[in-house]
Number of protein chains: 2
Amino acid sequence: MLAPSPIPFTGNPLDRASERRGDREWLAERWADPASLAVALWNGQPLVESAGEGVQIAYVQADLARAAAPDEERQALLGMWKDTAVFAVDFDGAVDPAAGPLQGLGRFEDLRTVAGQLPGPDAGVCATAKGLFEWARRTRHCSVCGHAVVAADAGWKRLCPACDAEHFPRTDPVVIMLAAHGEQCLLGRQPRFPKGMWSALAGFVEPGESIEEACARELKEEAGLIATEVRYHATQPWPYPASLMIGLIAEVSGTEATPDQTELEAVRWFTRAEARTLIAGELPGAWAPPPLAIAHHLIKAWAEAEA
Amino acid sequence: MLAPSPIPFTGNPLDRASERRGDREWLAERWADPASLAVALWNGQPLVESAGEGVQIAYVQADLARAAAPDEERQALLGMWKDTAVFAVDFDGAVDPAAGPLQGLGRFEDLRTVAGQLPGPDAGVCATAKGLFEWARRTRHCSVCGHAVVAADAGWKRLCPACDAEHFPRTDPVVIMLAAHGEQCLLGRQPRFPKGMWSALAGFVEPGESIEEACARELKEEAGLIATEVRYHATQPWPYPASLMIGLIAEVSGTEATPDQTELEAVRWFTRAEARTLIAGELPGAWAPPPLAIAHHLIKAWAEAEA
């Protein structure tokens with residue numbers, strides 16, 4: 001499809017055709033069309049198949065997918081690829097559908113594990129489907145009145161039949177920032193990180209904050225740093241379960257940094273040369289998140305920038 | 001407090017003291033401290049008082065506010081102003097608390113109406129409190145199981161006692177973009193706009209999208225435009241009820257634009273000179289959103305930029 005996008009999980013090439021989501025007659029025709037396709041997910045894992053050295057989405061004929069997952073609550077229109085409608089269906093439970101109704105069509109793989117082997121557009125399509133279904137899984141009831149909700153708009157809305165509240169997919173903005181002071185950048189370790197891993201600091205944007213304010217607050221809270229300038233770098237949809245990672249590079253006023261011992265157990269300054277070595281996987285005893293994570297791209301962009 | 005920030009609703013000067021939100025003993029002491037203050041809101045409207053030519057928050061002594069709004073579900077810690085704890089309390093219903101328990105302490109005013117008269121820091125504090133309470137108002141039940149939830153972490157979390165799900169404040173990222181082609185920019189009219197008003201195009205970020213992708217999709221859907229470059233400008237918290245407005249400037253490939261007749265009823269190109277006149281309020285028959293809206297700042301930044 002399209003050339004891979006530099007930030008993983010972006011690059012979904014489908015036309016989302018949002019104006020069609022409410023057109024039930026058109027949707028029924030598309031589901032029944034033998035040319036229509038579906039992505040299948042089981043507990044957030046996409047159905048994939050081997051392709052050369054990597055993997056790709058194992059698209060299933062849409063009517064077959066619908067027969068296997070007939071609950072409308074677990075179906076969604078992802079959009080159009082040229083003239084082909086592309087749907088998604090969601091399975092949960094303990095029984096592997098690839099050993100049942102989808103036998104012989106592919107295997108379910110953890111998205112984070114296979115994302116690096118998927119073509120960029122396929123990873124983007126999977127991120128969209130997973131994000132949508134993770135939200136649906138947590139939105140079974142109306143948060144206003146508690147009644148069970150029903151799916152509408154081809155999976156993009158959930159309606160409360162009791163109080164008429166409408167619920168739309170939730171996406172949580174998160175700031176993730178590389179703190180820099182001159183020729184050094186700061187990375188931190190969360191207690192849950194694998195041994196030796198260092199990453200950019202991050203936190204959820206709260207009500208009443210710009211992204212620059214959220215960035216400054218998190219740097220202060222987690223490491224005692226004062227941001228003096230914040231630059232936008234890029235964003236990444238992150239379907240674990242529903243974040244929008246907003247990547248920033250923040251100049252800070254000095255190098256005195258103290259981990260808060262709650263979110264962060266340690267912080268460490270890296271020179272540009274060390275950061276380049278870290279990203280290349282060649283710094284002894286220390287490593288950065290893989291290219292799947294926007295943190296990797298933030299560190300790389302700063303490390304490779306001219307001083 | 002601080003100098004007003006250029007984008008309204010940013011500039012909340014409080015230290016959010018998020019590490020204190022779970023410390024019930026400390027919170028009880030702060031509520032009881034006669035020096036502690038509270039912002040009162042009634043149906044999203046802050047309690048204000050006149051100050052010179054404008055208005056300011058009419059802060060109420062915290063223990064008095066708590067006595068008037070004793071339901072813990074409607075109380076929140078906003079943070080610290082130096083050594084002073086600042087809380088917020090929420091009233092709803094038809095009876096004006098300023099004619100009841102808060103008599104003589106101020107008047108409740110629509111935030112959008114008075115925001116331009118409030119000092120920047122006060123508007124930021126009100127936006128935080130309103131955003132938090134609008135979320136709380138829509139989060140009475142657990143979206144996972146339907147059970148009633150209870151407030152925790154000084155208003156920043158809601159817990160389900162039945163299924164243990166945790167719910168955090170929701171903030172919806174929205175892209176708002178000025179489309180530009182060389183020396184012209186495009187504004188649109190939504191059917192609900194007041195007569196003569198033109199604004200930047202906007203839409204919610206969906207699962208599986210970067211902000212640049214959401215921007216390109218909305219420009220295509222609403223006006224048939226092709227984005228060729230997207231630049232980040234600024235963000236604005238927008239508590240109606242819970243948006244994060246992400247302001248962008250998008251170069252588009254041409255000037256052929258067609259309103260979709262659903263979201264937009266008309267589009268119009270403005271030269272830089274016209275955009276400057278529009279922002280100054282001097283273009284006959286046409287006007288831009290007021291400085292409260294980030295759209296105003298996007299148009300102004302583009303209009304005043306060098307060609």
# chains A, B, ... in the order shown; residues from 1 in each chain; ligands from 1
>>> closest_atom_pairs(of="chain B", to="chain A", cutoff="7 Å", atoms="only C-alpha atoms", output="tab-separated table")
residue	atom	partner	partner_atom	distance
B:Phe9	CA	A:Gly208	CA	6.7
B:Thr10	CA	A:Glu209	CA	6.0
B:Gly124	CA	A:Gly208	CA	6.3
B:Ala127	CA	A:Gly208	CA	5.2
B:Thr128	CA	A:Gly208	CA	3.9
B:Gly131	CA	A:Pro207	CA	5.4
B:Leu132	CA	A:Pro207	CA	6.1
B:Arg138	CA	A:Val144	CA	4.9
B:Thr139	CA	A:Ser143	CA	4.8
B:Arg140	CA	A:Val144	CA	5.4
B:His141	CA	A:Ser143	CA	4.5
B:Cys142	CA	A:Ser143	CA	5.6
B:Ser143	CA	A:His141	CA	4.5
B:Val144	CA	A:Arg138	CA	4.9
B:Cys145	CA	A:His141	CA	6.1
B:Gly146	CA	A:Gly146	CA	4.1
B:His147	CA	A:Gly146	CA	6.3
B:Arg170	CA	A:Asp172	CA	6.9
B:Thr171	CA	A:Asp172	CA	6.2
B:Asp172	CA	A:Thr171	CA	6.2
B:Pro173	CA	A:Pro173	CA	6.6
B:Pro207	CA	A:Thr128	CA	5.2
B:Gly208	CA	A:Thr128	CA	3.9
B:Glu209	CA	A:Pro237	CA	5.6
B:Ser210	CA	A:Thr235	CA	5.2
B:Ile211	CA	A:Thr235	CA	6.4
B:Tyr232	CA	A:Tyr232	CA	6.9
B:Thr235	CA	A:Ser210	CA	5.2
B:Gln236	CA	A:Ser210	CA	5.3
B:Pro237	CA	A:Gly208	CA	5.2
>>> residues_around(residues="Gly106 of chain A", least_positions_apart="4", cutoff="9 Å", atoms="only C-alpha atoms", output="list in words")
Leu47, Val48, Glu49, Ser50, Ile57, Ala58, Tyr59, Ala98 and Leu102 of chain A
>>> select_by_dssp(residues="segment 6-165 of chain A", states="strand (DSSP E)", output="count of residues only")
42
>>> residues_around(residues="Arg66 of chain B", least_positions_apart="2", cutoff="10 Å", atoms="only C-alpha atoms", output="list in words")
Trp31, Ala32, Ala38, Ala40, Val60, Gln61, Ala62, Asp63, Leu64, Ala68, Ala69, Pro70, Asp71, Glu72, Arg74, Gln75, Phe87, Ala88, Val89 and Asp90 of chain B
>>> residues_around(residues="Asp92 of chain B", least_positions_apart="3", cutoff="9 Å", atoms="only C-alpha atoms", output="ChimeraX atom specification")
/B:41-44,95-97
>>> atom_distance(atom1="atom CA of Phe193 of chain A", atom2="atom CA of Glu265 of chain A")
9.9 Å
>>> select_by_dssp(residues="segment 44-269 of chain B", states="alpha helix (DSSP H)", output="JSON, numbers by chain")
{"B": [62, 63, 64, 65, 66, 67, 68, 111, 112, 113, 114, 120, 121, 122, 123, 124, 125, 126, 127, 128, 129, 130, 131, 132, 133, 134, 135, 136, 137, 211, 212, 213, 214, 215, 216, 217, 218, 219, 220, 221, 222, 223]}
>>> write_last_selection(atoms="C-alpha atoms", output="PDB file, in the first residue's frame")
ATOM      1  CA  ALA B  62     -12.400  25.936  51.918  1.00  0.00           C
ATOM      2  CA  ASP B  63     -14.242  24.708  55.016  1.00  0.00           C
ATOM      3  CA  LEU B  64     -17.199  26.968  54.234  1.00  0.00           C
ATOM      4  CA  ALA B  65     -17.282  25.643  50.659  1.00  0.00           C
ATOM      5  CA  ARG B  66     -17.174  22.081  51.894  1.00  0.00           C
ATOM      6  CA  ALA B  67     -19.994  22.684  54.332  1.00  0.00           C
ATOM      7  CA  ALA B  68     -22.098  24.081  51.467  1.00  0.00           C
ATOM      8  CA  LEU B 111     -17.241  30.841  31.942  1.00  0.00           C
ATOM      9  CA  ARG B 112     -17.242  31.477  28.203  1.00  0.00           C
ATOM     10  CA  THR B 113     -18.897  34.860  28.743  1.00  0.00           C
ATOM     11  CA  VAL B 114     -16.536  36.065  31.468  1.00  0.00           C
ATOM     12  CA  GLY B 120      -5.349  34.559  32.542  1.00  0.00           C
ATOM     13  CA  PRO B 121      -4.380  32.505  35.609  1.00  0.00           C
ATOM     14  CA  ASP B 122      -7.968  32.649  36.939  1.00  0.00           C
ATOM     15  CA  ALA B 123      -9.332  31.456  33.582  1.00  0.00           C
ATOM     16  CA  GLY B 124      -6.832  28.573  33.701  1.00  0.00           C
ATOM     17  CA  VAL B 125      -7.914  27.582  37.201  1.00  0.00           C
ATOM     18  CA  CYS B 126     -11.599  27.708  36.167  1.00  0.00           C
ATOM     19  CA  ALA B 127     -10.899  25.602  33.061  1.00  0.00           C
ATOM     20  CA  THR B 128      -9.226  22.947  35.198  1.00  0.00           C
ATOM     21  CA  ALA B 129     -12.080  22.817  37.706  1.00  0.00           C
ATOM     22  CA  LYS B 130     -14.787  22.859  35.036  1.00  0.00           C
ATOM     23  CA  GLY B 131     -13.046  20.163  32.971  1.00  0.00           C
ATOM     24  CA  LEU B 132     -12.707  17.923  36.009  1.00  0.00           C
ATOM     25  CA  PHE B 133     -16.313  18.320  37.116  1.00  0.00           C
ATOM     26  CA  GLU B 134     -17.776  17.920  33.614  1.00  0.00           C
ATOM     27  CA  TRP B 135     -15.970  14.571  33.455  1.00  0.00           C
ATOM     28  CA  ALA B 136     -17.209  13.641  36.926  1.00  0.00           C
ATOM     29  CA  ARG B 137     -20.763  14.563  35.943  1.00  0.00           C
ATOM     30  CA  ILE B 211      -2.505  14.486  14.696  1.00  0.00           C
ATOM     31  CA  GLU B 212      -1.140  15.123  11.200  1.00  0.00           C
ATOM     32  CA  GLU B 213      -3.256  12.251   9.859  1.00  0.00           C
ATOM     33  CA  ALA B 214      -6.368  13.471  11.662  1.00  0.00           C
ATOM     34  CA  CYS B 215      -5.750  16.942  10.206  1.00  0.00           C
ATOM     35  CA  ALA B 216      -5.381  15.579   6.659  1.00  0.00           C
ATOM     36  CA  ARG B 217      -8.508  13.422   7.029  1.00  0.00           C
ATOM     37  CA  GLU B 218     -10.675  16.258   8.301  1.00  0.00           C
ATOM     38  CA  LEU B 219      -9.527  18.640   5.541  1.00  0.00           C
ATOM     39  CA  LYS B 220     -10.348  15.970   2.955  1.00  0.00           C
ATOM     40  CA  GLU B 221     -13.701  14.993   4.496  1.00  0.00           C
ATOM     41  CA  GLU B 222     -15.001  18.469   5.188  1.00  0.00           C
ATOM     42  CA  ALA B 223     -13.595  20.470   2.295  1.00  0.00           C
TER      43      ALA B 223
END
>>> residues_around(residues="Arg158 of chain B", least_positions_apart="3", cutoff="7 Å", atoms="only C-alpha atoms", output="VMD selection string")
chain B and resid 149 to 152 166 to 168
>>> residues_around(residues="Val252 of chain A", least_positions_apart="4", cutoff="8 Å", atoms="only C-alpha atoms", output="PyMOL selection string")
chain A and resi 179-181+225-229
>>> atom_distance(atom1="atom CA of Cys163 of chain B", atom2="atom CA of Asp23 of chain B")
23.3 Å
>>> atom_distance(atom1="atom CA of Pro259 of chain A", atom2="atom CA of Leu187 of chain A")
10.5 Å
